[in-house]
Amino acid sequence: MNYELDETDLQILKTLQRNAKLTTKELADAVHLTPTPVFERQKRLEKKGYIKKYVAVLDPEKLGQGLLVFCKVKLKQINHEIADAFVRRIQRIPEVTECYNTSGAYDYLLKVRAQDMKQYQEFVLTKLGDIDSVGSIESTFVMSVVKQNYGINIVKSEE
């Protein structure tokens with residue numbers, strides 16, 4: 001799976017990160033190629049896993065999910081079975097939009113969306129509180145988003 005990315009591939013990825021709705025012709029114009037090679041490169045980047053999927057970025061405020069909380073979870077004890085069971089449960093909870101297994105004082109970091117504090121409290125009590133392996137949680141409430149970038153910094157790797 002070690003596919004060498006050239007400057008054109010990197011430019012395609014950068015351009016798609018800014019706007020994934022571009023037509024093949026618009027993408028070709030942006031990277032100064034004709035549509036056919038751009039289409040073939042894009043399909044190869046998808047097949048090789050560089051492009052995982054295309055999504056629309058929604059406005060949580062407008063959709064009634066304006067409260068953003070980072071929730072740190074410490075399990076009572078941890079082994080493969082307990083961790084796998086926790087992850088399976090978390091994957092089924094729609095309020096959890098992201099979950100990371102972390103090192104340090106906590107085992108998992110959850111990104112949670114809720115309508116308001118009351119809904120978040122209900123989430124903690126009925127969803128997280130219903131998971132036997134959870135030992136403790138610590139919630140950090142986001143007051144404002146200072147920077148949010150959905151893309152990654154694409155740079156040519158030096159070999």
# chains A, B, ... in the order shown; residues from 1 in each chain; ligands from 1
>>> residues_around(residues="region 63-68 of chain A", least_positions_apart="5", cutoff="10 Å", atoms="only C-alpha atoms", output="list in words")
Leu58, Glu95, Lys111, Val112, Arg113, Ala114, Gln115, Asp116, Met117, Gln119, Tyr120, Thr140, Phe141, Val142, Met143, Ser144 and Val145 of chain A
>>> residues_around(residues="region 103-108 of chain A", least_positions_apart="2", cutoff="7 Å", atoms="only C-alpha atoms", output="VMD selection string")
chain A and resid 72 to 75 99 to 101 110
>>> residues_around(residues="Val57 (chain A)", least_positions_apart="6", cutoff="12 Å", atoms="only C-alpha atoms", output="list in words")
Gln17, Arg18, Asn19, Ala20, Lys21, Leu63, Gln148, Asn149, Tyr150 and Gly151 of chain A
>>> select_by_dssp(residues="chain A", states="strand (DSSP E)", output="PyMOL selection string")
chain A and resi 67-75+96-101+108-114+134-141
>>> closest_residue(among="A:Val69, A:Ile78, A:Thr126, A:Ser133", to="Glu98 (chain A)", atoms="only C-alpha atoms")
A:Val69
>>> atom_distance(atom1="CA of Cys71 (chain A)", atom2="CA of Ser139 (chain A)")
4.4 Å
>>> atom_distance(atom1="CA of Val31 (chain A)", atom2="CA of Asp9 (chain A)")
9.2 Å
>>> atom_distance(atom1="CA of Val38 (chain A)", atom2="CA of Ile51 (chain A)")
14.0 Å
>>> select_by_dssp(residues="chain A", states="helix (DSSP H, G or I)", output="number ranges by chain")
A: 7-18, 24-31, 35-47, 80-91, 117-128
>>> closest_residue(among="A:Tyr50, A:Ile154, A:Asn79, A:Leu45", to="Lys14 (chain A)", atoms="only C-alpha atoms")
A:Ile154
>>> closest_residue(among="A:Glu138, A:Glu7, A:Glu26, A:Asp132", to="Phe86 (chain A)", atoms="only C-alpha atoms")
A:Asp132
